[in-house]
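This is model-v8.txt (compact mmCIF, C-alpha atoms and all ligand atoms).
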```
# COMPACT_ATOMS: atom_id res chain seq x y z
CA MET A 122 179.65 134.95 31.22
CA ARG A 123 182.15 133.51 28.72
CA LYS A 124 185.31 131.71 29.74
CA THR A 125 188.23 131.03 27.43
CA ILE A 126 190.29 127.92 28.14
CA ARG A 127 193.53 126.60 26.71
CA SER A 128 195.20 123.32 27.46
CA PRO A 129 197.87 123.86 30.13
CA ARG A 130 201.34 122.40 29.85
CA ARG A 131 200.87 120.74 33.22
CA LEU A 132 198.08 120.02 35.69
CA ARG A 133 199.40 119.79 39.23
CA GLY A 134 198.30 120.49 42.75
CA SER A 135 196.17 119.61 45.70
CA ILE A 136 192.67 121.00 46.17
CA GLU A 137 189.68 120.55 48.42
CA ALA A 138 186.52 120.04 46.44
CA PRO A 139 183.48 122.00 47.72
CA GLY A 140 181.27 120.31 50.30
CA ASP A 141 179.01 117.61 48.95
CA LYS A 142 175.79 119.10 47.59
CA SER A 143 173.52 116.16 48.44
CA ILE A 144 174.86 115.93 51.99
CA SER A 145 174.66 119.71 52.52
CA HIS A 146 170.95 119.79 51.54
CA ARG A 147 170.22 116.90 53.89
CA ALA A 148 172.28 118.32 56.76
CA ALA A 149 170.15 121.47 56.63
CA ILE A 150 166.75 119.84 56.09
CA LEU A 151 167.12 117.05 58.65
CA ASN A 152 168.66 119.27 61.33
CA ALA A 153 165.80 121.75 60.76
CA ILE A 154 163.38 119.17 62.19
CA ALA A 155 165.69 117.87 64.93
CA GLU A 156 165.42 119.28 68.42
CA GLY A 157 168.35 121.55 69.27
CA GLU A 158 171.41 123.06 67.64
CA ALA A 159 173.76 121.44 65.14
CA ALA A 160 177.04 122.73 63.70
CA VAL A 161 177.77 121.92 60.06
CA GLU A 162 181.31 122.42 58.78
CA SER A 163 182.13 122.80 55.07
CA PHE A 164 178.48 123.40 54.11
CA GLN A 165 178.41 123.96 50.36
CA GLY A 166 177.76 127.55 49.36
CA GLY A 167 176.52 126.94 45.79
CA ALA A 168 173.19 128.41 44.67
CA ASP A 169 171.30 125.10 45.08
CA CYS A 170 172.18 124.68 48.74
CA LEU A 171 171.54 128.37 49.37
CA ALA A 172 168.03 127.81 47.96
CA THR A 173 167.47 125.13 50.59
CA LEU A 174 168.62 127.52 53.36
CA ARG A 175 166.35 130.28 52.00
CA CYS A 176 163.31 127.96 52.04
CA LEU A 177 164.06 126.67 55.54
CA ARG A 178 164.46 130.21 56.88
CA ALA A 179 161.10 131.10 55.32
CA LEU A 180 159.67 128.13 57.27
CA GLY A 181 160.89 129.70 60.52
CA VAL A 182 164.17 127.82 60.98
CA LYS A 183 167.01 129.82 62.56
CA ILE A 184 170.21 129.40 60.56
CA ASP A 185 173.37 131.30 61.31
CA TRP A 186 175.80 131.34 58.37
CA ASP A 187 177.44 134.07 56.34
CA GLY A 188 178.88 131.80 53.65
CA GLN A 189 182.12 131.15 55.56
CA GLY A 190 183.01 128.79 58.37
CA THR A 191 180.62 126.69 60.41
CA LEU A 192 176.89 126.83 59.76
CA ARG A 193 174.71 126.70 62.88
CA ILE A 194 171.15 125.55 62.64
CA GLN A 195 168.54 125.56 65.39
CA GLY A 196 166.03 122.77 64.88
CA GLY A 197 162.62 123.25 66.46
CA GLY A 198 161.64 119.58 66.44
CA ARG A 199 159.52 117.55 64.04
CA PHE A 200 156.57 119.93 64.42
CA GLY A 201 158.59 123.13 64.75
CA LEU A 202 158.25 124.47 61.19
CA ARG A 203 155.88 127.40 60.55
CA GLU A 204 153.88 128.31 57.46
CA SER A 205 155.81 130.54 55.07
CA ALA A 206 154.08 133.81 54.28
CA ASP A 207 155.31 133.54 50.69
CA VAL A 208 156.00 131.05 47.92
CA LEU A 209 159.11 128.91 48.54
CA ASN A 210 161.57 129.25 45.67
CA ALA A 211 163.87 126.28 45.07
CA GLY A 212 165.68 128.05 42.18
CA ASN A 213 167.43 125.46 40.00
CA SER A 214 167.49 122.78 42.68
CA GLY A 215 165.56 119.54 42.15
CA THR A 216 166.78 118.20 45.49
CA THR A 217 165.34 121.21 47.33
CA MET A 218 161.97 120.93 45.64
CA ARG A 219 161.53 117.18 45.92
CA LEU A 220 162.80 116.75 49.47
CA LEU A 221 160.78 119.71 50.71
CA ALA A 222 157.66 118.39 48.95
CA GLY A 223 157.99 115.24 51.08
CA LEU A 224 158.65 117.19 54.26
CA LEU A 225 155.84 119.72 53.73
CA ALA A 226 153.22 117.09 52.86
CA GLY A 227 153.15 116.09 56.54
CA GLN A 228 152.91 119.59 58.07
CA SER A 229 149.74 121.20 59.36
CA PHE A 230 149.98 124.19 57.02
CA PHE A 231 149.90 125.27 53.38
CA SER A 232 153.00 125.67 51.17
CA VAL A 233 153.75 126.53 47.56
CA LEU A 234 157.01 125.40 45.94
CA THR A 235 158.33 126.90 42.73
CA GLY A 236 161.65 127.20 40.92
CA ASP A 237 163.41 128.61 37.86
CA ALA A 238 162.37 127.79 34.27
CA SER A 239 164.51 124.63 34.19
CA LEU A 240 163.10 123.27 37.46
CA ARG A 241 159.53 124.16 36.46
CA SER A 242 159.93 121.90 33.43
CA ARG A 243 161.17 118.89 35.41
CA PRO A 244 158.95 115.94 36.38
CA MET A 245 157.37 116.05 39.83
CA GLU A 246 154.83 113.22 39.45
CA ARG A 247 157.53 110.88 40.70
CA VAL A 248 157.14 112.41 44.16
CA VAL A 249 153.56 113.70 43.91
CA GLU A 250 151.96 110.34 43.06
CA PRO A 251 153.41 108.31 45.95
CA LEU A 252 152.88 111.24 48.34
CA ARG A 253 149.22 111.33 47.30
CA ALA A 254 149.07 107.59 47.98
CA MET A 255 150.24 108.47 51.51
CA GLY A 256 147.28 110.86 51.78
CA ALA A 257 148.99 114.11 50.78
CA ARG A 258 146.97 116.85 49.08
CA ILE A 259 149.15 118.32 46.35
CA GLN A 260 148.17 120.32 43.27
CA GLY A 261 150.41 121.50 40.47
CA ARG A 262 150.58 122.21 36.77
CA ALA A 263 149.82 119.26 34.51
CA GLY A 264 147.90 117.53 37.29
CA GLY A 265 150.82 117.83 39.72
CA ALA A 266 153.49 116.74 37.25
CA ARG A 267 155.10 120.19 36.99
CA PRO A 268 155.86 122.95 39.50
CA PRO A 269 154.66 125.17 41.05
CA LEU A 270 153.33 122.67 43.59
CA ALA A 271 150.70 123.70 46.14
CA ILE A 272 150.77 121.47 49.20
CA GLU A 273 147.92 121.39 51.71
CA GLY A 274 149.81 119.67 54.52
CA GLY A 275 147.99 117.12 56.65
CA SER A 276 148.05 113.67 58.14
CA LEU A 277 149.73 110.89 56.18
CA ARG A 278 149.82 107.12 56.32
CA GLY A 279 152.66 104.73 55.59
CA ILE A 280 152.70 102.94 52.23
CA ARG A 281 154.50 100.14 50.52
CA TYR A 282 156.00 101.54 47.32
CA ARG A 283 158.30 100.31 44.60
CA LEU A 284 160.10 103.25 42.98
CA PRO A 285 159.89 103.02 39.16
CA VAL A 286 163.41 104.55 38.89
CA ALA A 287 166.40 104.52 41.22
CA SER A 288 166.11 108.06 42.58
CA ALA A 289 167.55 109.28 45.85
CA GLN A 290 165.40 112.40 45.65
CA VAL A 291 162.20 110.34 45.52
CA LYS A 292 163.44 107.92 48.19
CA SER A 293 164.39 110.83 50.45
CA ALA A 294 161.13 112.74 49.90
CA LEU A 295 159.14 109.64 50.84
CA SER A 296 161.39 108.91 53.83
CA LEU A 297 160.79 112.45 55.11
CA ALA A 298 157.03 112.08 54.64
CA ALA A 299 157.24 108.69 56.39
CA LEU A 300 158.45 110.48 59.55
CA TYR A 301 154.96 112.02 59.67
CA GLY A 302 152.94 109.03 58.47
CA GLU A 303 150.90 106.62 60.50
CA GLY A 304 152.59 103.22 60.44
CA GLU A 305 155.56 101.98 58.48
CA THR A 306 156.60 102.99 54.96
CA LEU A 307 158.40 100.36 52.89
CA LEU A 308 160.39 101.63 49.90
CA GLU A 309 161.90 99.35 47.26
CA GLU A 310 164.28 100.57 44.56
CA PRO A 311 165.18 98.95 41.22
CA ALA A 312 168.88 99.65 42.01
CA PRO A 313 170.54 101.32 45.00
CA SER A 314 170.71 105.13 44.81
CA ARG A 315 172.71 107.41 47.13
CA ASP A 316 171.94 106.63 50.78
CA HIS A 317 172.92 109.85 52.59
CA THR A 318 169.41 110.40 53.98
CA GLU A 319 169.28 106.93 55.55
CA ARG A 320 172.74 107.28 57.06
CA MET A 321 171.92 110.65 58.54
CA LEU A 322 168.48 109.69 59.86
CA ARG A 323 169.98 106.65 61.61
CA ALA A 324 172.69 108.83 63.16
CA MET A 325 169.89 111.11 64.42
CA GLY A 326 168.21 108.22 66.20
CA VAL A 327 165.56 107.15 63.67
CA GLU A 328 165.20 103.40 63.31
CA ILE A 329 165.46 102.51 59.63
CA LEU A 330 165.43 98.86 58.73
CA GLY A 331 167.05 97.54 55.56
CA GLY A 332 166.79 94.10 54.03
CA ASP A 333 164.09 93.72 51.39
CA GLY A 334 163.78 97.51 51.08
CA LEU A 335 163.90 100.53 53.29
CA ARG A 336 161.49 100.58 56.23
CA VAL A 337 160.87 103.98 57.83
CA SER A 338 158.46 104.59 60.70
CA PRO A 339 157.56 107.80 62.53
CA PRO A 340 160.04 108.08 65.42
CA GLN A 341 158.91 107.80 69.06
CA ARG A 342 161.31 110.57 70.07
CA GLU A 343 162.48 113.81 68.50
CA LEU A 344 165.47 113.59 66.14
CA THR A 345 168.84 114.29 67.78
CA PRO A 346 170.71 117.16 66.07
CA LEU A 347 173.62 115.93 63.98
CA SER A 348 176.79 118.01 63.84
CA LEU A 349 179.04 117.01 60.97
CA ARG A 350 181.79 117.96 58.57
CA VAL A 351 180.49 117.68 55.02
CA PRO A 352 182.82 115.57 52.81
CA GLY A 353 184.13 117.02 49.55
CA ASP A 354 181.74 116.46 46.66
CA ILE A 355 182.81 113.52 44.49
CA SER A 356 180.62 114.95 41.70
CA ALA A 357 182.80 118.10 41.76
CA ALA A 358 186.05 116.16 42.20
CA ALA A 359 185.11 114.10 39.12
CA PHE A 360 185.96 117.04 36.82
CA TRP A 361 189.56 117.00 38.04
CA MET A 362 189.71 113.19 37.99
CA VAL A 363 188.92 113.17 34.29
CA ALA A 364 191.21 116.13 33.54
CA ALA A 365 194.15 114.50 35.36
CA ALA A 366 193.58 111.00 33.97
CA VAL A 367 193.59 112.27 30.37
CA HIS A 368 196.13 115.13 30.43
CA PRO A 369 199.63 113.88 29.48
CA ASP A 370 201.39 115.65 32.36
CA ALA A 371 199.15 115.62 35.40
CA GLU A 372 199.00 114.72 39.05
CA ILE A 373 196.15 116.05 41.18
CA ARG A 374 195.36 115.31 44.81
CA LEU A 375 191.77 115.78 45.86
CA ALA A 376 191.66 116.02 49.64
CA GLY A 377 188.76 114.81 51.82
CA VAL A 378 186.39 113.59 49.12
CA GLY A 379 183.28 111.56 49.99
CA VAL A 380 183.66 108.00 48.71
CA ASN A 381 180.32 106.57 49.81
CA PRO A 382 179.89 103.41 47.66
CA SER A 383 176.52 104.66 46.40
CA ARG A 384 178.37 107.64 44.85
CA SER A 385 181.76 106.29 43.84
CA GLY A 386 180.87 104.80 40.45
CA ILE A 387 183.07 107.38 38.69
CA ILE A 388 186.15 105.93 40.42
CA ASP A 389 185.18 102.41 39.32
CA ALA A 390 184.41 103.51 35.76
CA LEU A 391 187.65 105.49 35.31
CA ALA A 392 189.74 102.75 36.96
CA GLY A 393 188.08 100.23 34.61
CA MET A 394 189.16 102.43 31.68
CA GLY A 395 192.75 102.24 32.91
CA ALA A 396 193.04 105.48 34.92
CA SER A 397 195.65 105.72 37.64
CA ILE A 398 193.53 106.55 40.71
CA THR A 399 194.55 105.82 44.27
CA LEU A 400 192.60 106.35 47.46
CA GLU A 401 194.69 107.40 50.44
CA GLU A 402 193.89 108.00 54.12
CA GLU A 403 190.49 106.35 53.94
CA ARG A 404 188.53 107.42 57.02
CA MET A 405 185.04 108.25 58.32
CA TRP A 406 183.67 111.75 58.80
CA GLY A 407 180.69 110.94 60.97
CA CYS A 408 178.52 108.51 59.05
CA GLU A 409 180.21 109.07 55.65
CA PRO A 410 183.47 107.56 54.31
CA VAL A 411 186.06 109.97 52.85
CA ALA A 412 189.49 109.61 51.26
CA ASP A 413 192.18 111.67 49.56
CA ILE A 414 192.10 110.78 45.89
CA VAL A 415 195.24 111.01 43.76
CA VAL A 416 194.87 110.89 39.99
CA ARG A 417 197.75 110.80 37.49
CA SER A 418 198.12 110.88 33.69
CA SER A 419 197.01 107.58 32.19
CA SER A 420 196.09 105.94 28.88
CA LEU A 421 192.40 105.21 28.82
CA ARG A 422 190.44 102.62 26.86
CA GLY A 423 186.72 102.54 26.07
CA THR A 424 184.18 100.87 28.35
CA VAL A 425 180.52 100.02 28.82
CA VAL A 426 178.59 101.88 31.52
CA GLU A 427 175.17 100.42 32.38
CA GLY A 428 172.92 98.79 34.98
CA SER A 429 173.48 99.39 38.69
CA LEU A 430 176.58 101.50 37.94
CA ILE A 431 174.35 104.22 36.43
CA PRO A 432 172.79 105.58 39.67
CA ARG A 433 176.27 105.48 41.26
CA LEU A 434 177.64 107.99 38.71
CA ILE A 435 174.58 109.60 37.15
CA ASP A 436 175.80 113.19 37.61
CA GLU A 437 179.29 112.34 36.34
CA LEU A 438 178.21 110.93 32.95
CA PRO A 439 178.71 114.18 30.99
CA VAL A 440 182.34 114.48 32.12
CA LEU A 441 182.88 110.73 31.70
CA ALA A 442 181.87 111.29 28.07
CA VAL A 443 184.89 113.63 27.74
CA ALA A 444 187.16 110.86 29.06
CA ALA A 445 185.58 108.48 26.52
CA CYS A 446 186.31 110.91 23.66
CA LEU A 447 190.00 110.71 24.55
CA ALA A 448 190.13 106.97 25.29
CA GLU A 449 191.09 104.36 22.79
CA GLY A 450 188.12 102.56 21.24
CA GLU A 451 184.40 102.72 21.84
CA THR A 452 182.47 103.64 24.98
CA ILE A 453 178.80 102.79 25.38
CA ILE A 454 176.64 104.47 28.02
CA ARG A 455 173.17 102.90 28.24
CA GLU A 456 170.18 102.58 30.60
CA ALA A 457 170.79 106.21 31.51
CA GLY A 458 167.52 107.75 30.25
CA GLU A 459 167.28 109.65 33.58
CA LEU A 460 169.96 111.98 32.18
CA ARG A 461 167.29 113.55 29.98
CA LEU A 462 165.42 114.76 33.08
CA LYS A 463 168.23 116.69 34.75
CA GLU A 464 168.93 120.46 34.73
CA SER A 465 169.11 120.07 30.94
CA ASP A 466 168.49 117.02 28.74
CA ARG A 467 172.06 115.90 29.37
CA ILE A 468 172.10 113.30 26.61
CA ARG A 469 171.13 115.88 24.00
CA THR A 470 173.22 118.76 25.37
CA THR A 471 176.36 116.70 26.01
CA VAL A 472 176.26 115.22 22.49
CA LEU A 473 175.53 118.59 20.86
CA GLU A 474 178.25 120.52 22.67
CA LEU A 475 181.02 117.89 22.59
CA ARG A 476 180.47 117.54 18.84
CA ARG A 477 181.36 121.22 18.50
CA LEU A 478 184.76 120.27 19.95
CA GLY A 479 185.37 117.45 17.48
CA ALA A 480 183.89 114.53 19.41
CA SER A 481 182.54 111.48 17.62
CA ILE A 482 179.49 110.93 19.78
CA GLU A 483 176.07 109.61 18.95
CA GLU A 484 172.83 110.15 20.81
CA GLN A 485 170.82 107.10 21.89
CA PRO A 486 167.39 107.14 23.55
CA ASP A 487 168.92 106.04 26.85
CA GLY A 488 172.57 107.04 26.53
CA MET A 489 175.39 107.70 24.08
CA VAL A 490 177.94 105.86 21.99
CA ILE A 491 181.36 107.51 21.83
CA GLN A 492 184.33 106.71 19.61
CA GLY A 493 187.72 107.72 20.95
CA VAL A 494 189.14 110.36 18.61
CA GLY A 495 192.65 110.87 19.97
CA CYS A 496 192.21 114.61 20.41
CA LEU A 497 189.51 117.24 20.76
CA LYS A 498 189.65 120.61 18.98
CA GLY A 499 189.00 123.88 20.78
CA GLY A 500 185.85 125.73 19.71
CA ALA A 501 182.83 127.68 20.87
CA CYS A 502 180.30 125.85 23.03
CA GLY A 503 177.62 126.61 25.64
CA SER A 504 176.35 125.32 28.97
CA HIS A 505 172.58 125.50 28.30
CA GLY A 506 172.44 126.96 31.82
CA ASP A 507 173.44 123.55 33.20
CA HIS A 508 176.20 123.67 35.84
CA ARG A 509 177.56 120.21 35.11
CA LEU A 510 177.70 120.89 31.39
CA ALA A 511 179.58 124.18 31.95
CA MET A 512 182.26 122.34 33.95
CA THR A 513 182.32 119.35 31.57
CA LEU A 514 183.07 121.71 28.67
CA ALA A 515 185.78 123.44 30.70
CA VAL A 516 187.45 120.04 31.22
CA ALA A 517 187.12 119.34 27.50
CA GLY A 518 188.79 122.72 26.91
CA LEU A 519 191.68 121.76 29.21
CA LEU A 520 192.26 118.69 27.06
CA ALA A 521 191.60 120.12 23.59
CA GLN A 522 194.02 121.59 21.08
CA GLY A 523 193.55 125.34 20.63
CA GLU A 524 191.19 127.69 22.37
CA THR A 525 187.76 126.78 23.78
CA VAL A 526 185.13 129.37 24.66
CA VAL A 527 182.39 128.26 27.08
CA ARG A 528 179.27 130.46 27.06
CA GLY A 529 177.06 130.42 30.16
CA ALA A 530 180.11 129.53 32.27
CA GLU A 531 178.52 131.13 35.35
CA ALA A 532 176.22 128.10 35.71
CA SER A 533 179.07 126.37 37.58
CA SER A 534 178.16 128.42 40.67
CA ILE A 535 175.07 126.25 41.17
CA SER A 536 177.23 123.51 42.71
CA TYR A 537 180.89 124.67 42.59
CA PRO A 538 181.42 128.38 43.28
CA GLY A 539 185.25 128.11 43.25
CA PHE A 540 185.49 126.06 40.06
CA TRP A 541 187.22 128.60 37.79
CA HIS A 542 189.59 129.57 40.55
CA HIS A 543 190.59 125.90 41.04
CA LEU A 544 191.07 125.54 37.28
CA GLU A 545 193.58 128.41 37.35
CA GLU A 546 195.27 127.03 40.44
CA LEU A 547 195.86 123.58 38.92
CA SER A 548 197.04 124.78 35.49
CA SER A 549 200.59 125.84 34.56
CA TYR A 550 200.98 127.27 31.08
C1 LIG B 601 170.39 113.83 44.15
C2 LIG B 601 169.96 112.72 43.49
C3 LIG B 601 170.12 112.52 42.04
C4 LIG B 601 171.16 113.45 41.47
C5 LIG B 601 171.00 114.86 41.96
C6 LIG B 601 171.11 114.91 43.47
C7 LIG B 601 170.14 113.94 45.61
O1 LIG B 601 168.89 112.78 41.40
O2 LIG B 601 171.12 113.42 40.06
O3 LIG B 601 171.99 115.70 41.41
O4 LIG B 601 170.75 114.79 46.28
O5 LIG B 601 169.32 113.17 46.11
P1 LIG B 601 167.72 111.66 41.31
O6 LIG B 601 167.25 111.35 42.66
O7 LIG B 601 166.63 112.33 40.49
O8 LIG B 601 168.33 110.50 40.61
```

Is it possible to give me this structure as structure tokens?
Amino acid sequence: MRKTIRSPRRLRGSIEAPGDKSISHRAAILNAIAEGEAAVESFQGGADCLATLRCLRALGVKIDWDGQGTLRIQGGGRFGLRESADVLNAGNSGTTMRLLAGLLAGQSFFSVLTGDASLRSRPMERVVEPLRAMGARIQGRAGGARPPLAIEGGSLRGIRYRLPVASAQVKSALSLAALYGEGETLLEEPAPSRDHTERMLRAMGVEILGGDGLRVSPPQRELTPLSLRVPGDISAAAFWMVAAAVHPDAEIRLAGVGVNPSRSGIIDALAGMGASITLEEERMWGCEPVADIVVRSSSLRGTVVEGSLIPRLIDELPVLAVAACLAEGETIIREAGELRLKESDRIRTTVLELRRLGASIEEQPDGMVIQGVGCLKGGACGSHGDHRLAMTLAVAGLLAQGETVVRGAEASSISYPGFWHHLEELSSY
């Protein structure tokens, strides 16, 4: 699907971003192994989260949801999953594959996990190696480095493990396996990554100790089901934050967005560039903080994005690059080599596609260097099948002179099914 975008005269309005993708996956997976029913409001209906539901249903979990309203999930307890008669297909979703690999390693049955061409090319040794150290039997292509993964579930033991990269998917996979291991698992990260799994497990009654790392032990009791309202996805809201901060006549309110500190790096980065962003009505939805975020037209200046900020805004870096193109001066993004291992090589694809729109942007092994150019020029560009790139290019189109055509625009439905509708709603021509 191609979408044609022109810069609107004004960007105005209030929208609710879709439910947070990371929290939706976890709400389904963790409640699937709790004992009893949970109600999940604002579950995200993008293709990635639907892949998680499909896999859980194939594992015998009862889930009642037609894509609207409250999702109800009936957990059968920690040992309530059943062997799937078929291969489990995670589609495009790395979170589905990695979290389920951790969960399935501790079951008493056999599972096979696969995905689409993009997911089958992504690295799995980061979960397979530590899971094997816990006693898991996992085979896969390239010695277990690439899907499909075949998992012969069985008994596990706790380990002490230092993650080589800050990755919430790895941390969560190992935490799930730790629920089935003998003894404690101690996980140490080079920098803090998103902590939704820990928050949710604690709220479900699992004792998780912090301090020098994360300590997870198999619980003495079954997990308590956790009903929740999923906060709006800050990674989706980020597209409108950048659009509003850069557009000369904009004011956008993003209602009920998750502002967990392990995810809110985009707010810090944009505010540091001079964006007018205010958080209103800060409150808690269960164990997660949310706020209404108001963003207005601003003049941005270049910045440096590195270190512990990177895991706090890793998925927002492509759209932050658009803000950098339209800021004054130079922006440097470094220590972000993980971007190459996402749904596309996001350093290569972001540089390639933004250049088509007149950006002055240079590829680095672990990031990009961007010179502010004052304005972008509409042109033809493509998503490479990557949802975040499709939406990044749409935002670039909203801010560029002339007409922009985004090929592969349908990729946005992986994480933001209503994206194009919201774009129309916020734009006045
Ligand atoms: C996610 C963690 C991040 C992020 C991804 C979602 C999660 O990946 O990029 O979109 O839900 O745990 P890594 O754990 O590989 O950094």

Could you give me, as a Markdown table, a per-residue list for chain A showing, wherever an atom lies at most 9 Å from an atom of ligand LIG 601 (chain B), the closest pair of atoms and their distance in Å to one decimal, using all atoms listed in the file and sorting by chain then residue number from low to high?
```
| residue | atom | partner | partner_atom | distance |
| --- | --- | --- | --- | --- |
| A:Lys142 | CA | B:LIG601 | O4 | 6.8 |
| A:Ser143 | CA | B:LIG601 | O4 | 3.8 |
| A:Ile144 | CA | B:LIG601 | O4 | 7.1 |
| A:Ser145 | CA | B:LIG601 | O4 | 8.9 |
| A:His146 | CA | B:LIG601 | O4 | 7.3 |
| A:Arg147 | CA | B:LIG601 | O4 | 7.9 |
| A:Ser214 | CA | B:LIG601 | O3 | 8.5 |
| A:Gly215 | CA | B:LIG601 | C5 | 7.2 |
| A:Thr216 | CA | B:LIG601 | O4 | 5.3 |
| A:Thr217 | CA | B:LIG601 | O4 | 8.5 |
| A:Arg219 | CA | B:LIG601 | O5 | 8.8 |
| A:Leu220 | CA | B:LIG601 | O5 | 8.2 |
| A:Val286 | CA | B:LIG601 | O8 | 7.9 |
| A:Ala287 | CA | B:LIG601 | O8 | 6.3 |
| A:Ser288 | CA | B:LIG601 | O6 | 3.5 |
| A:Ala289 | CA | B:LIG601 | O6 | 3.8 |
| A:Gln290 | CA | B:LIG601 | O6 | 3.7 |
| A:Val291 | CA | B:LIG601 | O6 | 5.9 |
| A:Lys292 | CA | B:LIG601 | O6 | 7.5 |
| A:Ser293 | CA | B:LIG601 | O5 | 7.0 |
| A:Ser314 | CA | B:LIG601 | O8 | 7.2 |
| A:Arg315 | CA | B:LIG601 | O5 | 6.8 |
| A:Asp316 | CA | B:LIG601 | O5 | 8.5 |
| A:His317 | CA | B:LIG601 | O5 | 8.1 |
| A:Thr318 | CA | B:LIG601 | O5 | 8.3 |
| A:Ser356 | CA | B:LIG601 | O3 | 8.7 |
| A:Pro432 | CA | B:LIG601 | O8 | 6.7 |
| A:Leu434 | CA | B:LIG601 | O2 | 8.6 |
| A:Ile435 | CA | B:LIG601 | O2 | 5.9 |
| A:Asp436 | CA | B:LIG601 | O2 | 5.3 |
| A:Glu459 | CA | B:LIG601 | O8 | 7.2 |
| A:Leu460 | CA | B:LIG601 | O2 | 8.1 |
| A:Leu462 | CA | B:LIG601 | O7 | 7.9 |
| A:Lys463 | CA | B:LIG601 | O2 | 6.9 |
| A:Glu464 | CA | B:LIG601 | O3 | 8.8 |
```

Atoms to include: C-alpha atoms. Write the selected residues as a PDB file, in the frame of the given file.
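Result file follows (part.pdb):
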```
ATOM      1  CA  LYS A 142     175.790 119.100  47.590  1.00  0.00           C
ATOM      2  CA  SER A 143     173.520 116.160  48.440  1.00  0.00           C
ATOM      3  CA  ILE A 144     174.860 115.930  51.990  1.00  0.00           C
ATOM      4  CA  SER A 145     174.660 119.710  52.520  1.00  0.00           C
ATOM      5  CA  HIS A 146     170.950 119.790  51.540  1.00  0.00           C
ATOM      6  CA  ARG A 147     170.220 116.900  53.890  1.00  0.00           C
ATOM      7  CA  SER A 214     167.490 122.780  42.680  1.00  0.00           C
ATOM      8  CA  GLY A 215     165.560 119.540  42.150  1.00  0.00           C
ATOM      9  CA  THR A 216     166.780 118.200  45.490  1.00  0.00           C
ATOM     10  CA  THR A 217     165.340 121.210  47.330  1.00  0.00           C
ATOM     11  CA  ARG A 219     161.530 117.180  45.920  1.00  0.00           C
ATOM     12  CA  LEU A 220     162.800 116.750  49.470  1.00  0.00           C
ATOM     13  CA  VAL A 286     163.410 104.550  38.890  1.00  0.00           C
ATOM     14  CA  ALA A 287     166.400 104.520  41.220  1.00  0.00           C
ATOM     15  CA  SER A 288     166.110 108.060  42.580  1.00  0.00           C
ATOM     16  CA  ALA A 289     167.550 109.280  45.850  1.00  0.00           C
ATOM     17  CA  GLN A 290     165.400 112.400  45.650  1.00  0.00           C
ATOM     18  CA  VAL A 291     162.200 110.340  45.520  1.00  0.00           C
ATOM     19  CA  LYS A 292     163.440 107.920  48.190  1.00  0.00           C
ATOM     20  CA  SER A 293     164.390 110.830  50.450  1.00  0.00           C
ATOM     21  CA  SER A 314     170.710 105.130  44.810  1.00  0.00           C
ATOM     22  CA  ARG A 315     172.710 107.410  47.130  1.00  0.00           C
ATOM     23  CA  ASP A 316     171.940 106.630  50.780  1.00  0.00           C
ATOM     24  CA  HIS A 317     172.920 109.850  52.590  1.00  0.00           C
ATOM     25  CA  THR A 318     169.410 110.400  53.980  1.00  0.00           C
ATOM     26  CA  SER A 356     180.620 114.950  41.700  1.00  0.00           C
ATOM     27  CA  PRO A 432     172.790 105.580  39.670  1.00  0.00           C
ATOM     28  CA  LEU A 434     177.640 107.990  38.710  1.00  0.00           C
ATOM     29  CA  ILE A 435     174.580 109.600  37.150  1.00  0.00           C
ATOM     30  CA  ASP A 436     175.800 113.190  37.610  1.00  0.00           C
ATOM     31  CA  GLU A 459     167.280 109.650  33.580  1.00  0.00           C
ATOM     32  CA  LEU A 460     169.960 111.980  32.180  1.00  0.00           C
ATOM     33  CA  LEU A 462     165.420 114.760  33.080  1.00  0.00           C
ATOM     34  CA  LYS A 463     168.230 116.690  34.750  1.00  0.00           C
ATOM     35  CA  GLU A 464     168.930 120.460  34.730  1.00  0.00           C
TER      36      GLU A 464
END
```

For Val416 of chain A, work out the shell of residues within 9 Å, counting all atoms listed in the file and skipping chain neighbours fewer than 3 positions away, then give it as an mmCIF file with C-alpha atoms, keeping the file's coordinate frame.
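Below you can see selection_35.cif, which holds the result:
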```cif
data_model
loop_
_atom_site.group_PDB
_atom_site.id
_atom_site.type_symbol
_atom_site.label_atom_id
_atom_site.label_comp_id
_atom_site.auth_asym_id
_atom_site.auth_seq_id
_atom_site.Cartn_x
_atom_site.Cartn_y
_atom_site.Cartn_z
ATOM 1 C CA TRP A 361 189.560 117.000 38.040
ATOM 2 C CA MET A 362 189.710 113.190 37.990
ATOM 3 C CA VAL A 363 188.920 113.170 34.290
ATOM 4 C CA ALA A 365 194.150 114.500 35.360
ATOM 5 C CA ALA A 366 193.580 111.000 33.970
ATOM 6 C CA ALA A 371 199.150 115.620 35.400
ATOM 7 C CA GLU A 372 199.000 114.720 39.050
ATOM 8 C CA ILE A 373 196.150 116.050 41.180
ATOM 9 C CA ARG A 374 195.360 115.310 44.810
ATOM 10 C CA LEU A 375 191.770 115.780 45.860
ATOM 11 C CA ALA A 396 193.040 105.480 34.920
ATOM 12 C CA SER A 397 195.650 105.720 37.640
ATOM 13 C CA ILE A 398 193.530 106.550 40.710
ATOM 14 C CA THR A 399 194.550 105.820 44.270
ATOM 15 C CA SER A 419 197.010 107.580 32.190
#
```

Please identify every residue of segment 272-381 of chain A that has at least one atom no farther than 8 Å from an atom of segment 190-205 of chain A, counting all atoms listed in the file, and for each give the shortest atom pair and the distance in Å to one decimal, arranged by chain then increasing number, as a Markdown table.
```
| residue | atom | partner | partner_atom | distance |
| --- | --- | --- | --- | --- |
| A:Glu343 | CA | A:Gly198 | CA | 6.2 |
| A:Leu344 | CA | A:Gly198 | CA | 7.1 |
| A:Pro346 | CA | A:Gly196 | CA | 7.4 |
```
